[in-house]
Amino acid sequence: MSGIEQARKTAEALAYSTGFGNEHSSEAIPGALPLGRNSPQRAPLGLYAEQLSGSAFTEPRAHNRRSWLYRIRPSAAHPPFVRIDNGAVRSAPFTETVPDPNRLRWDPLPDPAPGTDFLAGLWTLGGNGDATQRTGMAVHLYHANSSMADGVSPARAEPRARGSVFSNSDGELLIVPERGALLIRTEFGLLRAEPGEVALIPRGVRFRVDLLDATARGYVCENYGQPFVLPDLGPIGANGLANARDFRAPVAAYEDDGDAGRPVEVINKFCGNLWSATYDHSPLDVVAWHGNHVPYVYDLRRFNVIGSISYDHPDPSIFTVLTSPSDTPGLAGVDFVVFAPRWLVGEDTFRPPYFHRNVMSEYMGLIEGAYDAKSAGKGGFVAGGGSLHNMMSAHGPDRETFDRASAAELKPQKIDDGLAFMFETRWPVTATGQAAGADHLQRGYDDVWQGLSRNFRP
């Protein structure tokens with residue numbers, strides 16, 4: 001059985017625990033979780049008790065993130081880490097280029113070299129803030145044709161002894177697959193994420209990505225700031241947008257090679273750089289756990305869209321799935337927004353997104369189909385590509401979309417032929433040097449607004 005076939009068989013049998021922000025608990029072996037205390041003198045089954053904190057000990061209870069892990073070996077049992085090459089990964093502060101007020105758009109990443117796994121295939125487009133100060137965000141893309149279990153180390157052009165495991169000390173990772181399903185093996189258990197779903201990996205959680213298809217491609221939002229939460233609903237009421245019950249957390253599953261062990265390369269992103277250590281055991285050896293600092297997978301098609309049933313297109317904030325709060329109420333470090341299938345019924349209304357200038361900066365990507373404000377096709381906004389509209393840059397429907405929507409018959413219309421998303425952030429996104437000079441950067445993006453004629457008739 002091939003590696004992909006084995007991974008597919010594993011993914012088909014996965015079970016989950018549900019609920020965003022819940023106090024989850026799980027044990028792969030009955031009795032592995034201690035009762036009545038977190039750190040008994042002797043943990044059950046000869047395991048080691050270890051707390052993973054995603055927030056400061058003294059943060060308010062409602063904001064505190066932590067999980068207790070009961071593992072075969074403690075995380076402290078490892079050799080020193082050494083610097084390795086960062087590949088195409090970059091981190092804030094972004095100083096290779098200056099912030100650009102121009103509207104930018106990219107085609108999808110080109111196909112990767114053979115043997116490229118998720119980590120080696122990470123490519124940073126840009127971001128803002130400062131990873132060392134835990135502020136801001138970064139936009140990455142990935143392309144892969146190999147699992148991390150058998151890919152090539154980003155530091156050395158040679159196969160790994162037993163694949164690799166990755167963790168990110170700089171922030172949490174929101175993975176948005178666009179092509180190819182992923183099997184994500186975490187310390188907490190296994191997640192399957194396919195196009196149309198997203199996976200959220202909290203800060204510091206170790207994981208490995210196996211492919212369930214021959215190739216994979218997608219987007220990653222690295223959030224340096226406050227962890228993602230569900231947005232408040234305000235006047236919407238108690239229900240709507242992303243429902244907490246639709247977020248799925250893994251159940252405990254562990255790797256154990258016995259006393260012999262096998263070498264595993266563990267790569268940590270720390271203050272913008274990649275560091276590597278070779279463990280003599282898998283760090284994915286957690287037999288039981290409980291807490292609320294946990295990974296999730298979420299199906300974007302379950303998003304409960306709230307929209308206008310009278311007139312005008314609502315502001316895109318109404319499509320927010322997750323938000324990272326800042327020190328200013330209502331001003332997000334980064335929002336994750338999805339433009340999911342929905343009905344348009346507005347009367348006397350220009351139904352696509354309106355022409356707009358925004359204090360926020362917007363990176364938009366396309367998972368499938370077409371976006372209702374931009375034409376697709378060669379040189380257009382296509383799946384796997386993305387656009388960047390930095391703060392106060394004027395944007396909106398292209399000429400073709402404007403002409404079509406202005407003359408359309410305003411009958412109820414179902415938008416169900418595309419799935420787009422947006423990373424929206426409070427600060428300008430500075431492109432990396434590799435993104436600003438990329439061959440797949442569309443040099444003629446401004447042309448989509450050419451031909452918007454003067455229609456003024458006093």
# chains A, B, ... in the order shown; residues from 1 in each chain; ligands from 1
>>> closest_atom_pairs(of="segment 203-305 of chain A", to="segment 101-114 of chain A", cutoff="12 Å", atoms="only C-alpha atoms", output="tab-separated table")
residue	atom	partner	partner_atom	distance
A:Ala214	CA	A:Pro114	CA	11.0
A:Thr215	CA	A:Asp111	CA	9.0
A:Ala216	CA	A:Asp111	CA	9.8
A:Arg217	CA	A:Leu109	CA	8.3
A:Gly218	CA	A:Pro108	CA	9.1
A:Tyr219	CA	A:Pro108	CA	10.3
>>> write_last_selection(atoms="C-alpha atoms", output="CSV table (one decimal), in the first residue's frame")
chain,number,residue,atom,x,y,z
A,214,ALA,CA,-0.5,13.6,-5.4
A,215,THR,CA,-0.2,17.3,-5.1
A,216,ALA,CA,-1.4,20.0,-2.6
A,217,ARG,CA,-1.6,23.8,-2.8
A,218,GLY,CA,-3.1,26.4,-0.6
A,219,TYR,CA,-2.7,29.4,1.7
>>> closest_residue(among="A:Ser453, A:Ser25, A:Ser167, A:Asn304", to="Asp403 of chain A", atoms="only C-alpha atoms")
A:Ser453
>>> select_by_dssp(residues="segment 196-436 of chain A", states="alpha helix (DSSP H)", output="short mmCIF file (atom, residue, chain, number, x, y, z; two decimals) with all heavy atoms, in the first residue's frame")
data_model
loop_
_atom_site.label_atom_id
_atom_site.label_comp_id
_atom_site.auth_asym_id
_atom_site.auth_seq_id
_atom_site.Cartn_x
_atom_site.Cartn_y
_atom_site.Cartn_z
N ARG A 399 -14.18 46.14 -14.76
CA ARG A 399 -15.10 46.73 -15.74
C ARG A 399 -16.12 45.71 -16.22
O ARG A 399 -17.32 46.02 -16.34
CB ARG A 399 -14.32 47.29 -16.93
CG ARG A 399 -15.21 47.96 -17.98
CD ARG A 399 -14.41 48.39 -19.20
NE ARG A 399 -13.74 47.26 -19.82
CZ ARG A 399 -14.33 46.40 -20.65
NH1 ARG A 399 -15.62 46.53 -20.94
NH2 ARG A 399 -13.66 45.41 -21.19
N GLU A 400 -15.67 44.51 -16.52
CA GLU A 400 -16.59 43.48 -17.03
C GLU A 400 -17.69 43.19 -16.00
O GLU A 400 -18.87 43.09 -16.36
CB GLU A 400 -15.80 42.21 -17.34
CG GLU A 400 -16.65 41.05 -17.83
CD GLU A 400 -15.83 39.79 -18.06
OE1 GLU A 400 -14.62 39.91 -18.37
OE2 GLU A 400 -16.41 38.69 -17.93
N THR A 401 -17.30 43.06 -14.73
CA THR A 401 -18.28 42.79 -13.68
C THR A 401 -19.23 43.97 -13.50
O THR A 401 -20.44 43.79 -13.33
CB THR A 401 -17.56 42.48 -12.36
OG1 THR A 401 -16.69 41.35 -12.54
CG2 THR A 401 -18.55 42.19 -11.25
N PHE A 402 -18.69 45.20 -13.54
CA PHE A 402 -19.54 46.39 -13.37
C PHE A 402 -20.59 46.48 -14.46
O PHE A 402 -21.77 46.72 -14.19
CB PHE A 402 -18.67 47.65 -13.36
CG PHE A 402 -19.47 48.91 -13.24
CD1 PHE A 402 -19.89 49.36 -12.01
CD2 PHE A 402 -19.82 49.65 -14.38
CE1 PHE A 402 -20.65 50.53 -11.89
CE2 PHE A 402 -20.58 50.81 -14.27
CZ PHE A 402 -20.99 51.24 -13.02
N ASP A 403 -20.16 46.27 -15.70
CA ASP A 403 -21.10 46.36 -16.81
C ASP A 403 -22.19 45.30 -16.70
O ASP A 403 -23.38 45.58 -16.91
CB ASP A 403 -20.36 46.22 -18.14
CG ASP A 403 -19.47 47.41 -18.45
OD1 ASP A 403 -19.65 48.46 -17.80
OD2 ASP A 403 -18.59 47.29 -19.32
N ARG A 404 -21.78 44.10 -16.35
CA ARG A 404 -22.76 43.00 -16.25
C ARG A 404 -23.76 43.24 -15.11
O ARG A 404 -24.97 43.09 -15.28
CB ARG A 404 -22.02 41.68 -16.06
CG ARG A 404 -22.95 40.46 -16.00
CD ARG A 404 -22.16 39.16 -15.90
NE ARG A 404 -21.40 39.08 -14.66
CZ ARG A 404 -20.08 39.15 -14.58
NH1 ARG A 404 -19.36 39.31 -15.69
NH2 ARG A 404 -19.47 39.05 -13.42
N ALA A 405 -23.23 43.62 -13.92
CA ALA A 405 -24.10 43.80 -12.76
C ALA A 405 -25.01 45.00 -12.90
O ALA A 405 -26.14 45.02 -12.38
CB ALA A 405 -23.26 43.92 -11.49
N SER A 406 -24.54 46.03 -13.59
CA SER A 406 -25.36 47.24 -13.76
C SER A 406 -26.57 47.00 -14.64
O SER A 406 -27.58 47.71 -14.54
CB SER A 406 -24.51 48.38 -14.34
OG SER A 406 -23.45 48.72 -13.48
N ALA A 407 -26.47 46.00 -15.52
CA ALA A 407 -27.56 45.73 -16.46
C ALA A 407 -28.34 44.46 -16.11
O ALA A 407 -29.28 44.10 -16.83
CB ALA A 407 -27.00 45.61 -17.87
N GLY A 433 10.57 40.38 -0.92
CA GLY A 433 11.28 40.58 -2.17
C GLY A 433 10.91 39.54 -3.20
O GLY A 433 10.76 39.85 -4.40
N GLN A 434 10.74 38.28 -2.75
CA GLN A 434 10.41 37.22 -3.71
C GLN A 434 9.00 37.39 -4.26
O GLN A 434 8.73 37.03 -5.42
CB GLN A 434 10.55 35.85 -3.04
CG GLN A 434 9.65 35.63 -1.84
CD GLN A 434 10.03 34.40 -1.03
OE1 GLN A 434 11.08 33.77 -1.25
NE2 GLN A 434 9.20 34.04 -0.07
N ALA A 435 8.08 37.97 -3.49
CA ALA A 435 6.73 38.21 -3.99
C ALA A 435 6.70 39.41 -4.92
O ALA A 435 6.02 39.40 -5.96
CB ALA A 435 5.76 38.42 -2.83
N ALA A 436 7.45 40.48 -4.57
CA ALA A 436 7.45 41.69 -5.40
C ALA A 436 8.10 41.44 -6.76
O ALA A 436 7.75 42.11 -7.75
CB ALA A 436 8.19 42.81 -4.67
#
>>> closest_residue(among="A:Ala340, A:Met360, A:Ala193, A:Val98", to="Asn390 of chain A", atoms="only C-alpha atoms")
A:Met360
>>> select_by_dssp(residues="segment 238-406 of chain A", states="strand (DSSP E)", output="ChimeraX atom specification")
/A:248-250,264-270,273-279,286-291,296-299,320-325,332-339,342-344,361-369,386-389
>>> residues_around(residues="Val251 of chain A", least_positions_apart="2", cutoff="12 Å", atoms="only C-alpha atoms", output="compact mmCIF listing (two decimals) with N, CA and C atoms, in the first residue's frame")
# COMPACT_ATOMS: atom_id res chain seq x y z
N ALA A 13 -11.03 7.05 8.84
CA ALA A 13 -11.47 6.49 10.12
C ALA A 13 -11.40 7.50 11.26
N LEU A 14 -11.15 8.78 10.96
CA LEU A 14 -10.95 9.75 12.03
C LEU A 14 -12.23 10.06 12.79
N ALA A 15 -12.08 10.27 14.08
CA ALA A 15 -13.16 10.75 14.94
C ALA A 15 -12.74 12.11 15.50
N TYR A 16 -13.72 12.90 15.95
CA TYR A 16 -13.44 14.24 16.42
C TYR A 16 -14.24 14.55 17.69
N SER A 17 -13.76 15.57 18.39
CA SER A 17 -14.51 16.21 19.46
C SER A 17 -14.90 17.59 18.93
N THR A 18 -16.11 18.07 19.24
CA THR A 18 -16.59 19.29 18.60
C THR A 18 -16.73 20.44 19.60
N HIS A 24 -11.78 20.58 26.00
CA HIS A 24 -11.83 19.23 25.47
C HIS A 24 -10.97 18.29 26.33
N SER A 25 -11.24 17.00 26.25
CA SER A 25 -10.37 16.00 26.85
C SER A 25 -10.44 14.74 26.02
N SER A 26 -9.33 14.00 25.97
CA SER A 26 -9.28 12.79 25.15
C SER A 26 -8.16 11.89 25.63
N GLU A 27 -8.37 10.60 25.54
CA GLU A 27 -7.34 9.63 25.88
C GLU A 27 -7.36 8.50 24.87
N ALA A 28 -6.19 8.14 24.37
CA ALA A 28 -6.09 7.06 23.40
C ALA A 28 -6.13 5.70 24.08
N ILE A 29 -5.78 5.66 25.37
CA ILE A 29 -5.84 4.43 26.17
C ILE A 29 -6.67 4.74 27.41
N ARG A 185 -1.07 15.43 11.26
CA ARG A 185 -0.82 14.66 12.49
C ARG A 185 -0.25 15.62 13.54
N THR A 186 -1.01 15.87 14.60
CA THR A 186 -0.60 16.81 15.63
C THR A 186 -0.34 16.06 16.94
N GLU A 187 0.21 16.80 17.91
CA GLU A 187 0.38 16.21 19.24
C GLU A 187 -0.95 15.78 19.84
N PHE A 188 -2.04 16.41 19.43
CA PHE A 188 -3.35 16.14 20.01
C PHE A 188 -4.11 15.05 19.27
N GLY A 189 -3.63 14.65 18.11
CA GLY A 189 -4.32 13.69 17.29
C GLY A 189 -4.32 14.13 15.84
N LEU A 190 -5.19 13.54 15.03
CA LEU A 190 -5.15 13.72 13.59
C LEU A 190 -6.34 14.53 13.09
N LEU A 191 -6.07 15.38 12.10
CA LEU A 191 -7.08 16.17 11.41
C LEU A 191 -6.99 15.92 9.91
N ARG A 248 -14.09 21.12 14.69
CA ARG A 248 -13.76 19.76 15.13
C ARG A 248 -12.33 19.69 15.63
N ALA A 249 -12.18 19.21 16.85
CA ALA A 249 -10.86 19.00 17.45
C ALA A 249 -10.51 17.52 17.36
N ALA A 253 -4.22 10.47 19.72
CA ALA A 253 -3.56 9.41 18.96
C ALA A 253 -2.07 9.65 19.09
N TYR A 254 -1.30 8.62 19.25
CA TYR A 254 0.12 8.83 19.55
C TYR A 254 1.00 7.93 18.70
N VAL A 286 1.76 11.95 22.49
CA VAL A 286 0.80 12.29 23.55
C VAL A 286 -0.31 11.24 23.57
N VAL A 287 -0.43 10.55 24.70
CA VAL A 287 -1.40 9.46 24.85
C VAL A 287 -2.75 10.00 25.32
N ALA A 288 -2.73 11.12 26.06
CA ALA A 288 -3.97 11.71 26.55
C ALA A 288 -3.74 13.21 26.75
N TRP A 289 -4.83 13.96 26.76
CA TRP A 289 -4.71 15.41 26.93
C TRP A 289 -6.06 16.00 27.34
N HIS A 290 -6.01 17.19 27.92
CA HIS A 290 -7.22 17.97 28.15
C HIS A 290 -6.86 19.44 28.15
N VAL A 294 -6.02 23.92 21.52
CA VAL A 294 -6.11 22.72 20.70
C VAL A 294 -6.28 23.10 19.23
N PRO A 295 -5.88 22.22 18.32
CA PRO A 295 -6.10 22.47 16.89
C PRO A 295 -7.54 22.14 16.50
N TYR A 296 -7.96 22.72 15.37
CA TYR A 296 -9.31 22.51 14.86
C TYR A 296 -9.29 22.38 13.35
>>> residues_around(residues="segment 368-372 of chain A", least_positions_apart="4", cutoff="8 Å", atoms="only C-alpha atoms", output="PyMOL selection string")
chain A and resi 178+352-353+376+381-383+401+415+417-420
>>> write_last_selection(atoms="C-alpha atoms", output="PDB file, in the first residue's frame")
ATOM      1  CA  GLU A 178      -7.004  25.021  -2.306  1.00  0.00           C
ATOM      2  CA  PRO A 352     -21.327  42.650  -6.287  1.00  0.00           C
ATOM      3  CA  PRO A 353     -18.985  44.223  -3.707  1.00  0.00           C
ATOM      4  CA  ALA A 376     -11.530  34.654 -14.021  1.00  0.00           C
ATOM      5  CA  PHE A 381      -8.480  36.117 -10.499  1.00  0.00           C
ATOM      6  CA  VAL A 382      -8.076  32.346 -10.455  1.00  0.00           C
ATOM      7  CA  ALA A 383      -8.084  29.607  -7.834  1.00  0.00           C
ATOM      8  CA  THR A 401     -18.281  42.790 -13.680  1.00  0.00           C
ATOM      9  CA  ILE A 415     -24.026  32.582  -5.677  1.00  0.00           C
ATOM     10  CA  ASP A 417     -20.090  28.665  -8.067  1.00  0.00           C
ATOM     11  CA  GLY A 418     -17.130  29.898  -6.052  1.00  0.00           C
ATOM     12  CA  LEU A 419     -15.483  30.024  -2.638  1.00  0.00           C
ATOM     13  CA  ALA A 420     -13.236  32.984  -1.863  1.00  0.00           C
TER      14      ALA A 420
END
>>> residues_around(residues="Ala138 of chain A", least_positions_apart="4", cutoff="10 Å", atoms="only C-alpha atoms", output="PyMOL selection string")
chain A and resi 90-94+124-131+171+173+220-224+334+423+425+429-431
>>> residues_around(residues="Ser324 of chain A", least_positions_apart="6", cutoff="8 Å", atoms="only C-alpha atoms", output="number ranges by chain")
A: 223, 225-229, 332-335
>>> write_last_selection(atoms="N, CA, C and O atoms", output="PDB file, in the first residue's frame")
ATOM      1  N   ASN A 223      -0.654  34.071  12.316  1.00  0.00           N
ATOM      2  CA  ASN A 223      -1.147  35.112  13.208  1.00  0.00           C
ATOM      3  C   ASN A 223      -0.202  35.246  14.396  1.00  0.00           C
ATOM      4  O   ASN A 223      -0.164  34.389  15.274  1.00  0.00           O
ATOM      5  N   GLY A 225      -0.409  37.637  16.643  1.00  0.00           N
ATOM      6  CA  GLY A 225      -1.062  38.346  17.731  1.00  0.00           C
ATOM      7  C   GLY A 225      -1.930  37.464  18.601  1.00  0.00           C
ATOM      8  O   GLY A 225      -1.661  36.259  18.788  1.00  0.00           O
ATOM      9  N   GLN A 226      -2.993  38.050  19.146  1.00  0.00           N
ATOM     10  CA  GLN A 226      -3.902  37.310  20.006  1.00  0.00           C
ATOM     11  C   GLN A 226      -4.506  36.137  19.226  1.00  0.00           C
ATOM     12  O   GLN A 226      -4.799  36.245  18.036  1.00  0.00           O
ATOM     13  N   PRO A 227      -4.713  35.000  19.894  1.00  0.00           N
ATOM     14  CA  PRO A 227      -5.267  33.842  19.180  1.00  0.00           C
ATOM     15  C   PRO A 227      -6.621  34.159  18.546  1.00  0.00           C
ATOM     16  O   PRO A 227      -7.390  34.987  19.042  1.00  0.00           O
ATOM     17  N   PHE A 228      -6.896  33.478  17.453  1.00  0.00           N
ATOM     18  CA  PHE A 228      -8.180  33.632  16.791  1.00  0.00           C
ATOM     19  C   PHE A 228      -9.322  33.226  17.728  1.00  0.00           C
ATOM     20  O   PHE A 228      -9.228  32.251  18.480  1.00  0.00           O
ATOM     21  N   VAL A 229     -10.405  33.995  17.658  1.00  0.00           N
ATOM     22  CA  VAL A 229     -11.636  33.679  18.372  1.00  0.00           C
ATOM     23  C   VAL A 229     -12.798  33.865  17.410  1.00  0.00           C
ATOM     24  O   VAL A 229     -12.656  34.464  16.333  1.00  0.00           O
ATOM     25  N   ALA A 332      -9.214  44.558  14.326  1.00  0.00           N
ATOM     26  CA  ALA A 332      -8.572  43.251  14.402  1.00  0.00           C
ATOM     27  C   ALA A 332      -7.117  43.301  13.961  1.00  0.00           C
ATOM     28  O   ALA A 332      -6.770  44.030  13.024  1.00  0.00           O
ATOM     29  N   GLY A 333      -6.301  42.516  14.640  1.00  0.00           N
ATOM     30  CA  GLY A 333      -4.968  42.272  14.118  1.00  0.00           C
ATOM     31  C   GLY A 333      -5.062  41.578  12.773  1.00  0.00           C
ATOM     32  O   GLY A 333      -4.354  41.905  11.829  1.00  0.00           O
ATOM     33  N   VAL A 334      -5.965  40.611  12.692  1.00  0.00           N
ATOM     34  CA  VAL A 334      -6.277  39.952  11.423  1.00  0.00           C
ATOM     35  C   VAL A 334      -7.647  39.307  11.555  1.00  0.00           C
ATOM     36  O   VAL A 334      -7.990  38.747  12.605  1.00  0.00           O
ATOM     37  N   ASP A 335      -8.447  39.426  10.512  1.00  0.00           N
ATOM     38  CA  ASP A 335      -9.724  38.723  10.384  1.00  0.00           C
ATOM     39  C   ASP A 335      -9.596  37.691   9.276  1.00  0.00           C
ATOM     40  O   ASP A 335      -8.925  37.929   8.254  1.00  0.00           O
TER      41      ASP A 335
END
>>> atom_distance(atom1="atom CA of Tyr279 of chain A", atom2="atom CA of Ala252 of chain A")
21.2 Å
>>> decode(residues="segment 323-344 of chain A", atoms="N, CA and C atoms", output="tab-separated table (two decimals), in the first residue's frame")
chain	number	residue	atom	x	y	z
A	323	THR	N	-11.51	35.98	14.21
A	323	THR	CA	-10.87	37.28	14.36
A	323	THR	C	-9.81	37.21	15.45
A	324	SER	N	-8.73	37.93	15.24
A	324	SER	CA	-7.68	38.08	16.25
A	324	SER	C	-7.78	39.49	16.81
A	325	PRO	N	-8.30	39.64	18.03
A	325	PRO	CA	-8.53	40.99	18.58
A	325	PRO	C	-7.22	41.73	18.82
A	326	SER	N	-7.31	43.05	18.81
A	326	SER	CA	-6.17	43.89	19.14
A	326	SER	C	-6.50	44.68	20.41
A	327	ASP	N	-5.65	45.63	20.75
A	327	ASP	CA	-5.88	46.45	21.92
A	327	ASP	C	-6.96	47.50	21.70
A	328	THR	N	-7.45	47.63	20.47
A	328	THR	CA	-8.53	48.56	20.14
A	328	THR	C	-9.79	47.77	19.82
A	329	PRO	N	-10.85	47.92	20.61
A	329	PRO	CA	-12.07	47.13	20.36
A	329	PRO	C	-12.56	47.31	18.92
A	330	GLY	N	-12.85	46.19	18.27
A	330	GLY	CA	-13.37	46.22	16.91
A	330	GLY	C	-12.32	46.33	15.83
A	331	LEU	N	-11.06	46.56	16.20
A	331	LEU	CA	-9.98	46.67	15.22
A	331	LEU	C	-9.12	45.41	15.32
A	332	ALA	N	-9.21	44.56	14.33
A	332	ALA	CA	-8.57	43.25	14.40
A	332	ALA	C	-7.12	43.30	13.96
A	333	GLY	N	-6.30	42.52	14.64
A	333	GLY	CA	-4.97	42.27	14.12
A	333	GLY	C	-5.06	41.58	12.77
A	334	VAL	N	-5.96	40.61	12.69
A	334	VAL	CA	-6.28	39.95	11.42
A	334	VAL	C	-7.65	39.31	11.56
A	335	ASP	N	-8.45	39.43	10.51
A	335	ASP	CA	-9.72	38.72	10.38
A	335	ASP	C	-9.60	37.69	9.28
A	336	PHE	N	-10.26	36.57	9.47
A	336	PHE	CA	-10.41	35.59	8.38
A	336	PHE	C	-11.87	35.63	7.94
A	337	VAL	N	-12.07	35.98	6.67
A	337	VAL	CA	-13.40	36.23	6.11
A	337	VAL	C	-13.62	35.27	4.94
A	338	VAL	N	-14.82	34.71	4.86
A	338	VAL	CA	-15.13	33.79	3.77
A	338	VAL	C	-16.34	34.29	3.00
A	339	PHE	N	-16.27	34.20	1.67
A	339	PHE	CA	-17.39	34.55	0.80
A	339	PHE	C	-18.00	33.23	0.31
A	340	ALA	N	-18.88	32.71	1.15
A	340	ALA	CA	-19.45	31.39	0.95
A	340	ALA	C	-20.69	31.47	0.06
A	341	PRO	N	-21.20	30.34	-0.41
A	341	PRO	CA	-22.44	30.34	-1.20
A	341	PRO	C	-23.57	31.04	-0.45
A	342	ARG	N	-24.36	31.84	-1.20
A	342	ARG	CA	-25.40	32.67	-0.58
A	342	ARG	C	-26.37	33.15	-1.65
A	343	TRP	N	-27.52	33.61	-1.20
A	343	TRP	CA	-28.51	34.22	-2.08
A	343	TRP	C	-28.32	35.74	-2.10
A	344	LEU	N	-28.50	36.34	-3.27
A	344	LEU	CA	-28.53	37.78	-3.42
A	344	LEU	C	-29.95	38.17	-3.84
